file entry-v8.pdb (PDB, C-alpha atoms and all ligand atoms)
ATOM      1  CA  MET A 295     186.807 181.296 183.175
ATOM      2  CA  ASN A 296     183.102 181.274 184.031
ATOM      3  CA  TYR A 297     182.802 177.531 184.570
ATOM      4  CA  GLY A 298     185.926 177.081 186.744
ATOM      5  CA  PRO A 299     184.382 178.456 189.963
ATOM      6  CA  ILE A 300     181.253 176.348 189.424
ATOM      7  CA  LYS A 301     183.249 173.170 188.833
ATOM      8  CA  ALA A 302     185.244 173.943 191.981
ATOM      9  CA  ARG A 303     181.991 174.240 193.938
ATOM     10  CA  LEU A 304     180.858 170.863 192.593
ATOM     11  CA  ASP A 305     184.208 169.324 193.555
ATOM     12  CA  ARG A 306     183.710 170.611 197.111
ATOM     13  CA  GLY A 307     180.214 169.101 197.262
ATOM     14  CA  GLU A 308     178.501 172.495 197.399
ATOM     15  CA  LEU A 309     175.164 173.424 195.843
ATOM     16  CA  VAL A 310     174.999 174.844 192.325
ATOM     17  CA  ILE A 311     171.776 176.495 191.170
ATOM     18  CA  LEU A 312     170.644 175.908 187.611
ATOM     19  CA  ASP A 313     168.005 178.147 186.009
ATOM     20  CA  GLY A 314     164.339 177.317 185.437
ATOM     21  CA  ALA A 315     162.226 176.862 182.340
ATOM     22  CA  ILE A 316     162.665 179.042 179.319
ATOM     23  CA  GLY A 317     160.218 177.685 176.712
ATOM     24  CA  THR A 318     157.271 177.734 179.107
ATOM     25  CA  GLU A 319     158.399 181.047 180.604
ATOM     26  CA  ILE A 320     158.172 182.562 177.118
ATOM     27  CA  LEU A 321     154.561 181.304 176.992
ATOM     28  CA  ARG A 322     153.831 182.628 180.468
ATOM     29  CA  ARG A 323     154.933 186.041 179.242
ATOM     30  CA  ASP A 324     152.257 185.801 176.537
ATOM     31  CA  VAL A 325     154.520 185.141 173.603
ATOM     32  CA  THR A 326     154.241 181.999 171.484
ATOM     33  CA  TRP A 327     157.516 180.208 171.106
ATOM     34  CA  ALA A 328     157.608 179.566 167.360
ATOM     35  CA  ASP A 329     161.174 179.812 166.051
ATOM     36  CA  HIS A 330     162.339 180.121 169.680
ATOM     37  CA  GLN A 331     161.743 183.907 169.366
ATOM     38  CA  VAL A 332     165.517 184.357 169.332
ATOM     39  CA  LEU A 333     165.515 186.853 166.483
ATOM     40  CA  SER A 334     161.932 188.140 166.643
ATOM     41  CA  ARG A 335     161.641 188.833 170.398
ATOM     42  CA  PRO A 336     165.195 188.995 171.743
ATOM     43  CA  THR A 337     164.291 191.324 174.606
ATOM     44  CA  VAL A 338     161.876 188.738 176.054
ATOM     45  CA  ILE A 339     164.522 185.989 175.967
ATOM     46  CA  ARG A 340     167.244 188.231 177.394
ATOM     47  CA  ALA A 341     164.920 189.384 180.203
ATOM     48  CA  ILE A 342     164.139 185.782 181.185
ATOM     49  CA  HIS A 343     167.860 184.935 181.402
ATOM     50  CA  GLU A 344     168.460 188.094 183.450
ATOM     51  CA  ASP A 345     165.620 187.233 185.829
ATOM     52  CA  TYR A 346     167.090 183.768 186.428
ATOM     53  CA  ILE A 347     170.548 185.228 187.059
ATOM     54  CA  ARG A 348     169.149 187.791 189.518
ATOM     55  CA  ALA A 349     167.169 184.978 191.183
ATOM     56  CA  GLY A 350     170.509 183.313 191.947
ATOM     57  CA  ALA A 351     171.155 180.877 189.088
ATOM     58  CA  ASP A 352     174.832 179.946 188.716
ATOM     59  CA  VAL A 353     174.186 178.321 185.352
ATOM     60  CA  VAL A 354     171.774 179.614 182.716
ATOM     61  CA  SER A 355     170.808 177.469 179.770
ATOM     62  CA  THR A 356     170.342 178.819 176.260
ATOM     63  CA  ASN A 357     166.966 178.904 174.505
ATOM     64  CA  THR A 358     168.013 176.229 172.020
ATOM     65  CA  PHE A 359     165.886 173.170 172.839
ATOM     66  CA  GLN A 360     165.705 171.062 169.655
ATOM     67  CA  LEU A 361     167.087 173.917 167.605
ATOM     68  CA  THR A 362     168.714 171.739 164.945
ATOM     69  CA  ARG A 363     168.781 171.323 161.201
ATOM     70  CA  ARG A 364     167.158 167.915 161.673
ATOM     71  CA  ALA A 365     164.171 169.464 163.490
ATOM     72  CA  LEU A 366     163.663 171.930 160.641
ATOM     73  CA  PHE A 367     164.204 169.339 157.903
ATOM     74  CA  ASN A 368     161.799 166.828 159.512
ATOM     75  CA  HIS A 369     158.896 168.864 158.174
ATOM     76  CA  PHE A 370     159.646 167.744 154.612
ATOM     77  CA  ARG A 371     159.421 164.503 152.660
ATOM     78  CA  ASP A 372     163.016 164.776 151.500
ATOM     79  CA  GLU A 373     165.589 167.293 150.308
ATOM     80  CA  THR A 374     163.907 167.824 146.931
ATOM     81  CA  HIS A 375     160.596 168.575 148.648
ATOM     82  CA  ARG A 376     162.314 171.000 151.048
ATOM     83  CA  ARG A 377     163.957 172.848 148.141
ATOM     84  CA  GLN A 378     160.596 172.927 146.374
ATOM     85  CA  ILE A 379     158.435 174.333 149.162
ATOM     86  CA  GLY A 380     160.713 175.310 152.052
ATOM     87  CA  ALA A 381     161.952 178.756 153.058
ATOM     88  CA  PRO A 382     165.280 179.512 151.380
ATOM     89  CA  ASP A 383     167.298 179.937 154.589
ATOM     90  CA  LEU A 384     166.605 176.556 156.222
ATOM     91  CA  ASP A 385     170.117 175.222 155.550
ATOM     92  CA  ASP A 386     171.752 177.641 157.943
ATOM     93  CA  ARG A 387     168.847 178.813 160.089
ATOM     94  CA  ALA A 388     169.622 176.495 163.026
ATOM     95  CA  ASP A 389     173.249 177.612 163.057
ATOM     96  CA  ARG A 390     172.255 181.270 162.976
ATOM     97  CA  LEU A 391     169.633 180.911 165.741
ATOM     98  CA  LEU A 392     172.011 178.895 167.935
ATOM     99  CA  ARG A 393     174.608 181.678 167.782
ATOM    100  CA  ALA A 394     171.995 184.378 168.414
ATOM    101  CA  ALA A 395     170.595 182.444 171.399
ATOM    102  CA  VAL A 396     174.041 182.130 173.001
ATOM    103  CA  GLU A 397     174.642 185.830 172.424
ATOM    104  CA  LEU A 398     171.415 186.693 174.301
ATOM    105  CA  ALA A 399     172.552 184.626 177.303
ATOM    106  CA  ILE A 400     175.957 186.341 177.242
ATOM    107  CA  GLU A 401     174.314 189.777 177.099
ATOM    108  CA  ALA A 402     172.075 188.812 180.043
ATOM    109  CA  ARG A 403     175.101 187.708 182.044
ATOM    110  CA  ASN A 404     176.874 190.984 181.290
ATOM    111  CA  ALA A 405     173.818 192.898 182.445
ATOM    112  CA  ALA A 406     172.834 190.899 185.534
ATOM    113  CA  ALA A 407     175.663 188.762 186.976
ATOM    114  CA  ASP A 408     177.089 191.661 188.978
ATOM    115  CA  GLY A 409     180.532 190.099 189.328
ATOM    116  CA  ARG A 410     179.195 186.641 190.272
ATOM    117  CA  ALA A 411     180.432 183.604 188.293
ATOM    118  CA  VAL A 412     177.605 182.572 185.967
ATOM    119  CA  ALA A 413     178.180 179.873 183.372
ATOM    120  CA  ILE A 414     176.252 179.557 180.142
ATOM    121  CA  ALA A 415     175.100 176.072 179.242
ATOM    122  CA  GLY A 416     174.195 175.343 175.639
ATOM    123  CA  ALA A 417     170.980 173.345 175.930
ATOM    124  CA  ILE A 418     170.536 170.385 173.601
ATOM    125  CA  THR A 419     168.314 167.329 173.704
ATOM    126  CA  THR A 420     167.527 164.159 171.796
ATOM    127  CA  LEU A 421     167.679 164.502 168.020
ATOM    128  CA  GLU A 422     164.139 163.186 167.642
ATOM    129  CA  TRP A 423     161.272 163.698 170.099
ATOM    130  CA  CYS A 424     162.524 163.580 173.692
ATOM    131  CA  PHE A 425     159.856 161.148 174.937
ATOM    132  CA  ARG A 426     160.381 158.665 172.059
ATOM    133  CA  PRO A 427     163.587 156.600 172.382
ATOM    134  CA  ASP A 428     162.352 154.341 169.571
ATOM    135  CA  LEU A 429     162.936 157.179 167.064
ATOM    136  CA  ALA A 430     166.617 157.752 167.928
ATOM    137  CA  PRO A 431     169.071 157.751 164.990
ATOM    138  CA  THR A 432     172.067 155.404 164.953
ATOM    139  CA  PRO A 433     174.898 156.249 167.386
ATOM    140  CA  GLU A 434     177.240 157.224 164.526
ATOM    141  CA  GLN A 435     174.646 159.544 162.988
ATOM    142  CA  ALA A 436     173.780 160.999 166.407
ATOM    143  CA  ARG A 437     177.406 161.667 167.270
ATOM    144  CA  ALA A 438     177.978 163.510 163.965
ATOM    145  CA  GLU A 439     174.891 165.699 164.401
ATOM    146  CA  TYR A 440     175.635 166.440 168.042
ATOM    147  CA  ARG A 441     179.198 167.365 167.141
ATOM    148  CA  GLU A 442     177.962 169.954 164.668
ATOM    149  CA  THR A 443     175.545 171.571 167.149
ATOM    150  CA  ILE A 444     177.958 171.439 170.089
ATOM    151  CA  ALA A 445     180.802 172.938 168.033
ATOM    152  CA  THR A 446     178.545 175.875 167.130
ATOM    153  CA  LEU A 447     177.499 176.370 170.775
ATOM    154  CA  ALA A 448     181.126 176.247 171.949
ATOM    155  CA  GLU A 449     182.281 178.630 169.253
ATOM    156  CA  ALA A 450     179.486 181.058 170.140
ATOM    157  CA  GLY A 451     180.703 181.231 173.742
ATOM    158  CA  CYS A 452     179.003 178.536 175.849
ATOM    159  CA  ASP A 453     180.963 177.395 178.909
ATOM    160  CA  LEU A 454     179.421 173.914 178.951
ATOM    161  CA  VAL A 455     176.673 171.935 177.251
ATOM    162  CA  LEU A 456     173.569 170.671 179.029
ATOM    163  CA  ILE A 457     172.360 167.546 177.251
ATOM    164  CA  GLU A 458     168.837 167.345 178.654
ATOM    165  CA  THR A 459     165.679 165.233 178.638
ATOM    166  CA  VAL A 460     167.657 162.284 177.260
ATOM    167  CA  ASN A 461     165.707 159.039 177.000
ATOM    168  CA  SER A 462     168.321 156.364 176.234
ATOM    169  CA  VAL A 463     171.885 155.495 177.180
ATOM    170  CA  GLY A 464     172.993 155.242 173.539
ATOM    171  CA  GLU A 465     172.002 158.769 172.623
ATOM    172  CA  ALA A 466     173.480 160.151 175.860
ATOM    173  CA  ARG A 467     176.742 158.460 175.057
ATOM    174  CA  ALA A 468     176.789 159.815 171.492
ATOM    175  CA  ALA A 469     176.219 163.350 172.817
ATOM    176  CA  VAL A 470     178.864 163.071 175.549
ATOM    177  CA  GLU A 471     181.386 161.696 173.041
ATOM    178  CA  ALA A 472     180.595 164.638 170.763
ATOM    179  CA  ALA A 473     181.136 167.112 173.638
ATOM    180  CA  ASN A 474     184.483 165.443 174.341
ATOM    181  CA  ASP A 475     185.362 165.654 170.619
ATOM    182  CA  VAL A 476     184.676 169.395 170.737
ATOM    183  CA  GLY A 477     186.442 169.754 174.087
ATOM    184  CA  ILE A 478     183.687 171.375 176.181
ATOM    185  CA  PRO A 479     182.453 170.220 179.629
ATOM    186  CA  CYS A 480     179.038 168.541 179.676
ATOM    187  CA  TRP A 481     176.179 167.701 182.018
ATOM    188  CA  VAL A 482     173.569 165.081 181.089
ATOM    189  CA  GLY A 483     169.933 165.128 182.235
ATOM    190  CA  PHE A 484     167.818 161.996 181.828
ATOM    191  CA  VAL A 485     164.035 162.000 181.752
ATOM    192  CA  PRO A 486     162.907 159.359 184.296
ATOM    193  CA  ASP A 487     159.673 157.376 184.317
ATOM    194  CA  GLU A 488     157.633 156.751 187.463
ATOM    195  CA  ARG A 489     160.007 153.940 188.513
ATOM    196  CA  GLY A 490     163.023 156.168 188.082
ATOM    197  CA  GLU A 491     164.201 154.364 184.935
ATOM    198  CA  LEU A 492     164.919 155.737 181.470
ATOM    199  CA  PHE A 493     162.137 155.697 178.855
ATOM    200  CA  SER A 494     164.220 153.131 176.942
ATOM    201  CA  GLY A 495     163.784 150.719 179.879
ATOM    202  CA  GLU A 496     167.453 151.106 180.807
ATOM    203  CA  THR A 497     168.404 151.905 184.395
ATOM    204  CA  MET A 498     170.259 154.875 185.868
ATOM    205  CA  ALA A 499     172.992 152.395 186.893
ATOM    206  CA  GLN A 500     173.417 151.384 183.247
ATOM    207  CA  ALA A 501     173.572 155.045 182.245
ATOM    208  CA  GLU A 502     176.239 155.818 184.860
ATOM    209  CA  ALA A 503     178.311 152.777 183.858
ATOM    210  CA  ALA A 504     178.156 153.607 180.130
ATOM    211  CA  LEU A 505     179.028 157.290 180.588
ATOM    212  CA  ALA A 506     181.696 156.985 183.320
ATOM    213  CA  PRO A 507     184.582 156.453 180.833
ATOM    214  CA  PHE A 508     183.693 159.767 179.176
ATOM    215  CA  ASP A 509     183.571 161.632 182.485
ATOM    216  CA  PRO A 510     180.571 164.008 182.230
ATOM    217  CA  ASP A 511     180.727 166.470 185.156
ATOM    218  CA  VAL A 512     177.132 166.033 186.372
ATOM    219  CA  LEU A 513     174.337 163.525 185.728
ATOM    220  CA  LEU A 514     170.836 164.768 186.406
ATOM    221  CA  VAL A 515     167.166 163.900 186.079
ATOM    222  CA  ASN A 516     164.775 166.404 184.486
ATOM    223  CA  CYS A 517     161.509 167.085 182.660
ATOM    224  CA  ALA A 518     159.310 164.751 184.696
ATOM    225  CA  PRO A 519     157.045 165.500 187.701
ATOM    226  CA  PRO A 520     158.828 165.959 191.055
ATOM    227  CA  GLU A 521     157.838 162.480 192.254
ATOM    228  CA  ASP A 522     159.211 160.733 189.123
ATOM    229  CA  CYS A 523     162.379 162.826 189.243
ATOM    230  CA  ARG A 524     162.793 161.928 192.921
ATOM    231  CA  ALA A 525     162.594 158.224 191.995
ATOM    232  CA  GLY A 526     165.194 158.745 189.267
ATOM    233  CA  LEU A 527     167.426 160.742 191.592
ATOM    234  CA  GLY A 528     167.332 157.908 194.138
ATOM    235  CA  GLU A 529     168.431 155.414 191.465
ATOM    236  CA  LEU A 530     171.114 157.768 190.171
ATOM    237  CA  GLY A 531     172.419 158.449 193.679
ATOM    238  CA  GLU A 532     172.945 154.750 194.336
ATOM    239  CA  ALA A 533     174.861 154.234 191.097
ATOM    240  CA  ARG A 534     176.815 157.422 190.687
ATOM    241  CA  ARG A 535     180.202 158.357 192.096
ATOM    242  CA  GLY A 536     180.313 161.976 190.799
ATOM    243  CA  PRO A 537     177.890 164.894 191.260
ATOM    244  CA  ILE A 538     174.161 164.487 190.588
ATOM    245  CA  GLY A 539     171.332 166.959 190.148
ATOM    246  CA  ILE A 540     167.621 167.363 189.526
ATOM    247  CA  TYR A 541     165.267 169.802 187.788
ATOM    248  CA  PRO A 542     161.677 168.560 187.564
ATOM    249  CA  HIS A 543     158.839 170.123 185.632
ATOM    250  CA  ILE A 544     155.621 171.475 187.118
ATOM    251  CA  GLY A 545     152.297 171.226 185.326
ATOM    252  CA  ARG A 546     151.066 169.211 182.377
ATOM    253  CA  PHE A 547     152.265 168.881 178.816
ATOM    254  CA  ASP A 548     149.595 170.363 176.552
ATOM    255  CA  PRO A 549     151.092 169.795 173.070
ATOM    256  CA  PRO A 550     152.753 171.753 171.684
ATOM    257  CA  GLU A 551     152.580 174.088 174.653
ATOM    258  CA  TRP A 552     152.200 173.789 178.430
ATOM    259  CA  LEU A 553     149.394 173.733 180.983
ATOM    260  CA  PHE A 554     150.487 175.605 184.096
ATOM    261  CA  THR A 555     149.246 174.262 187.446
ATOM    262  CA  ASP A 556     149.670 175.559 190.973
ATOM    263  CA  GLU A 557     150.630 172.196 192.520
ATOM    264  CA  TYR A 558     154.158 173.315 193.328
ATOM    265  CA  PRO A 559     154.375 176.988 194.265
ATOM    266  CA  PRO A 560     157.942 178.148 195.077
ATOM    267  CA  ASN A 561     157.702 177.356 198.819
ATOM    268  CA  ARG A 562     156.572 173.800 198.238
ATOM    269  CA  TYR A 563     159.199 173.364 195.516
ATOM    270  CA  ARG A 564     161.883 174.457 197.990
ATOM    271  CA  ARG A 565     160.609 171.991 200.623
ATOM    272  CA  GLU A 566     160.865 169.190 198.057
ATOM    273  CA  ALA A 567     164.400 170.325 197.249
ATOM    274  CA  VAL A 568     165.497 169.789 200.861
ATOM    275  CA  ASP A 569     164.674 166.132 200.299
ATOM    276  CA  TRP A 570     166.587 166.126 196.973
ATOM    277  CA  ILE A 571     169.673 167.468 198.736
ATOM    278  CA  GLU A 572     169.380 164.635 201.280
ATOM    279  CA  LEU A 573     169.341 162.180 198.377
ATOM    280  CA  GLY A 574     172.647 163.646 197.221
ATOM    281  CA  ALA A 575     171.622 166.264 194.652
ATOM    282  CA  ARG A 576     174.074 169.152 194.361
ATOM    283  CA  VAL A 577     172.671 170.778 191.229
ATOM    284  CA  LEU A 578     169.090 172.055 191.620
ATOM    285  CA  GLY A 579     166.971 173.823 189.033
ATOM    286  CA  GLY A 580     163.637 173.738 187.267
ATOM    287  CA  CYS A 581     162.272 172.379 183.996
ATOM    288  CA  CYS A 582     159.004 173.200 182.174
ATOM    289  CA  GLY A 583     156.566 175.319 184.196
ATOM    290  CA  THR A 584     159.089 176.644 186.721
ATOM    291  CA  THR A 585     159.717 180.372 187.065
ATOM    292  CA  PRO A 586     162.378 182.764 188.401
ATOM    293  CA  GLU A 587     160.510 182.671 191.740
ATOM    294  CA  HIS A 588     161.124 178.914 191.960
ATOM    295  CA  ILE A 589     164.822 179.449 191.318
ATOM    296  CA  ALA A 590     164.979 182.206 193.942
ATOM    297  CA  ALA A 591     163.426 179.748 196.426
ATOM    298  CA  LEU A 592     166.084 177.132 195.593
ATOM    299  CA  ALA A 593     168.869 179.699 195.938
ATOM    300  CA  GLU A 594     167.801 180.248 199.564
ATOM    301  CA  LEU A 595     169.006 176.704 200.290
ATOM    302  CA  ARG A 596     172.566 177.624 199.421
ATOM    303  CA  ALA A 597     174.889 178.120 202.388
ATOM    304  CA  PRO A 598     175.726 181.812 202.807
ATOM    305  CA  SER A 599     179.166 182.603 201.392
TER     306      SER A 599
HETATM  307 ZN    ZN B   1     160.868 170.153 180.754
END
call {"tool": "encode", "arguments": {"input": "entry-v8.pdb", "output": "structure tokens"}}
result
Amino acid sequence: MNYGPIKARLDRGELVILDGAIGTEILRRDVTWADHQVLSRPTVIRAIHEDYIRAGADVVSTNTFQLTRRALFNHFRDETHRRQIGAPDLDDRADRLLRAAVELAIEARNAAADGRAVAIAGAITTLEWCFRPDLAPTPEQARAEYRETIATLAEAGCDLVLIETVNSVGEARAAVEAANDVGIPCWVGFVPDERGELFSGETMAQAEAALAPFDPDVLLVNCAPPEDCRAGLGELGEARRGPIGIYPHIGRFDPPEWLFTDEYPPNRYRREAVDWIELGARVLGGCCGTTPEHIAALAELRAPS
């Protein structure tokens, strides 16, 4: 119901605006982002979603980056150690936070969409660290874990899943297969290096060829500086038959948080986006460091309806 009008716009070759950063926007609003703040500071999360919707986003992504059982369990030596020293609710905490995060996005849509079609994308990423393809689990293991997370996101009310900051073709394929298993539309964002290739050394053409049989609706590049994303978008545009998109980050990674820089204020970001549209991008948004003002600037590029 909410995704249909957006898919139709993609099929007509029209622009679709994705939201901007959420994790770094939480930081910018002076809140740390431990535990995703889904249960402890729901009003902050809901307000960020609402601001992106009012800025013109057609798709808002949930605050669920790396919100998985694996991410919680990785802090322990093994299951015995986790039972010995871990908090008692770790078995179902990811599931509970995923559902709460989707609910916040739905509440924001109810409050701010004002009759406009806004789709909610369940955001997921690599199972291990997003810049380390060498750590990826086996495809069978990945597909099983993705299926569990995606089923929860779908059940909670997501209209699609956004599989983002993916660093290898194998993990992308496992996630897309899992989305197909669950029966929910999916978009896939790859993190490009400075040559526009995946961190695994694979090319965008290889990614397109491997995913084409599973028919993801949009392939994108994200979570790299604008110039690296532009290189990746160029590669993707040459290989891809379906819709493509881009949502770069702005600033510097300052583990575990973010260093904001003023290199790309909203006006400059919009000027870059004109170039991205020329390269074929039809989905535009922002990754780490972008704000509702950046998304409002992108929304100005949309043809008046
Ligand atoms: Zn990012």
call {"tool": "closest_residue", "arguments": {"input": "entry-v8.pdb", "among": "A:Ala417, A:Ile478, A:Val338, A:Ala597", "to": "ligand ZN 1 (chain B)", "atoms": "all atoms listed in the file"}}
result
A:Ala417
call {"tool": "residues_near_ligand", "arguments": {"input": "entry-v8.pdb", "ligand": "ligand ZN 1 (chain B)", "cutoff": "7 Å", "atoms": "only C-alpha atoms and all ligand atoms", "output": "PyMOL selection string"}}
result
chain A and resi 516-518+543+581-582
call {"tool": "closest_residue", "arguments": {"input": "entry-v8.pdb", "among": "A:Pro382, A:Asp408, A:Arg564, A:Thr318", "to": "Ile347 (chain A)", "atoms": "all atoms listed in the file"}}
result
A:Asp408
call {"tool": "closest_residue", "arguments": {"input": "entry-v8.pdb", "among": "A:Glu471, A:Glu458, A:Glu496, A:Glu397", "to": "Leu514 (chain A)", "atoms": "all atoms listed in the file"}}
result
A:Glu458
call {"tool": "resolve_selection", "arguments": {"input": "entry-v8.pdb", "expression": "the PyMOL selection byres (((chain A and resi 405) around 12) and not hetatm)", "output": "list of chain:residue names"}}
result
A:Arg340, A:Ala341, A:His343, A:Glu344, A:Asp345, A:Ile347, A:Arg348, A:Leu398, A:Ala399, A:Ile400, A:Glu401, A:Ala402, A:Arg403, A:Asn404, A:Ala406, A:Ala407, A:Asp408, A:Gly409, A:Arg410, A:Val412
call {"tool": "residues_around", "arguments": {"input": "entry-v8.pdb", "residues": "region 296-305 of chain A", "least_positions_apart": "3", "cutoff": "7 Å", "atoms": "all atoms listed in the file", "output": "JSON list (two decimals) with C-alpha atoms, in the frame of the given file"}}
result
[["chain", "number", "residue", "atom", "x", "y", "z"],
["A", 308, "GLU", "CA", 178.50, 172.50, 197.40],
["A", 411, "ALA", "CA", 180.43, 183.60, 188.29],
["A", 412, "VAL", "CA", 177.60, 182.57, 185.97],
["A", 413, "ALA", "CA", 178.18, 179.87, 183.37],
["A", 453, "ASP", "CA", 180.96, 177.40, 178.91],
["A", 537, "PRO", "CA", 177.89, 164.89, 191.26]]
call {"tool": "atom_distance", "arguments": {"input": "entry-v8.pdb", "atom1": "CA of Thr585 (chain A)", "atom2": "CA of Ile571 (chain A)"}}
result
20.0 Å
call {"tool": "atom_distance", "arguments": {"input": "entry-v8.pdb", "atom1": "CA of Ile316 (chain A)", "atom2": "CA of Leu530 (chain A)"}}
result
25.3 Å
call {"tool": "atom_distance", "arguments": {"input": "entry-v8.pdb", "atom1": "CA of Pro542 (chain A)", "atom2": "CA of Leu309 (chain A)"}}
result
16.6 Å
call {"tool": "residues_around", "arguments": {"input": "entry-v8.pdb", "residues": "region 429-446 of chain A", "least_positions_apart": "6", "cutoff": "8 Å", "atoms": "all atoms listed in the file", "output": "list in words"}}
result
Thr362, Asp389, Leu392, Arg393, Gly416, Thr420, Leu421, Glu422, Trp423, Val455, Gly464, Glu465, Ala468, Ala469, Glu471, Ala472, Ala473, Asp475 and Val476 of chain A
call {"tool": "resolve_selection", "arguments": {"input": "entry-v8.pdb", "expression": "the PyMOL selection byres (((chain A and resi 452) around 6) and not hetatm)", "output": "count of residues only"}}
result
8
call {"tool": "closest_residue", "arguments": {"input": "entry-v8.pdb", "among": "A:Gly477, A:Gly539, A:Pro507, A:Pro519", "to": "Glu557 (chain A)", "atoms": "all atoms listed in the file"}}
result
A:Pro519
call {"tool": "resolve_selection", "arguments": {"input": "entry-v8.pdb", "expression": "the PyMOL selection byres (((chain A and resi 555) around 7) and not hetatm)", "output": "mmCIF file with C-alpha atoms, keeping the file's coordinate frame"}}
result
data_model
loop_
_atom_site.group_PDB
_atom_site.id
_atom_site.type_symbol
_atom_site.label_atom_id
_atom_site.label_comp_id
_atom_site.auth_asym_id
_atom_site.auth_seq_id
_atom_site.Cartn_x
_atom_site.Cartn_y
_atom_site.Cartn_z
ATOM 1 C CA ILE A 544 155.621 171.475 187.118
ATOM 2 C CA GLY A 545 152.297 171.226 185.326
ATOM 3 C CA LEU A 553 149.394 173.733 180.983
ATOM 4 C CA PHE A 554 150.487 175.605 184.096
ATOM 5 C CA ASP A 556 149.670 175.559 190.973
ATOM 6 C CA GLU A 557 150.630 172.196 192.520
#
call {"tool": "closest_residue", "arguments": {"input": "entry-v8.pdb", "among": "A:Ile418, A:Leu321, A:Ala567, A:Met295", "to": "Leu595 (chain A)", "atoms": "all atoms listed in the file"}}
result
A:Ala567
call {"tool": "residues_near_point", "arguments": {"input": "entry-v8.pdb", "point": "(172.6, 163.6, 183.1)", "cutoff": "7 Å", "atoms": "only C-alpha atoms", "output": "list in words"}}
result
Glu458, Trp481, Val482, Gly483, Phe484, Val512, Leu513, Leu514 and Val515 of chain A
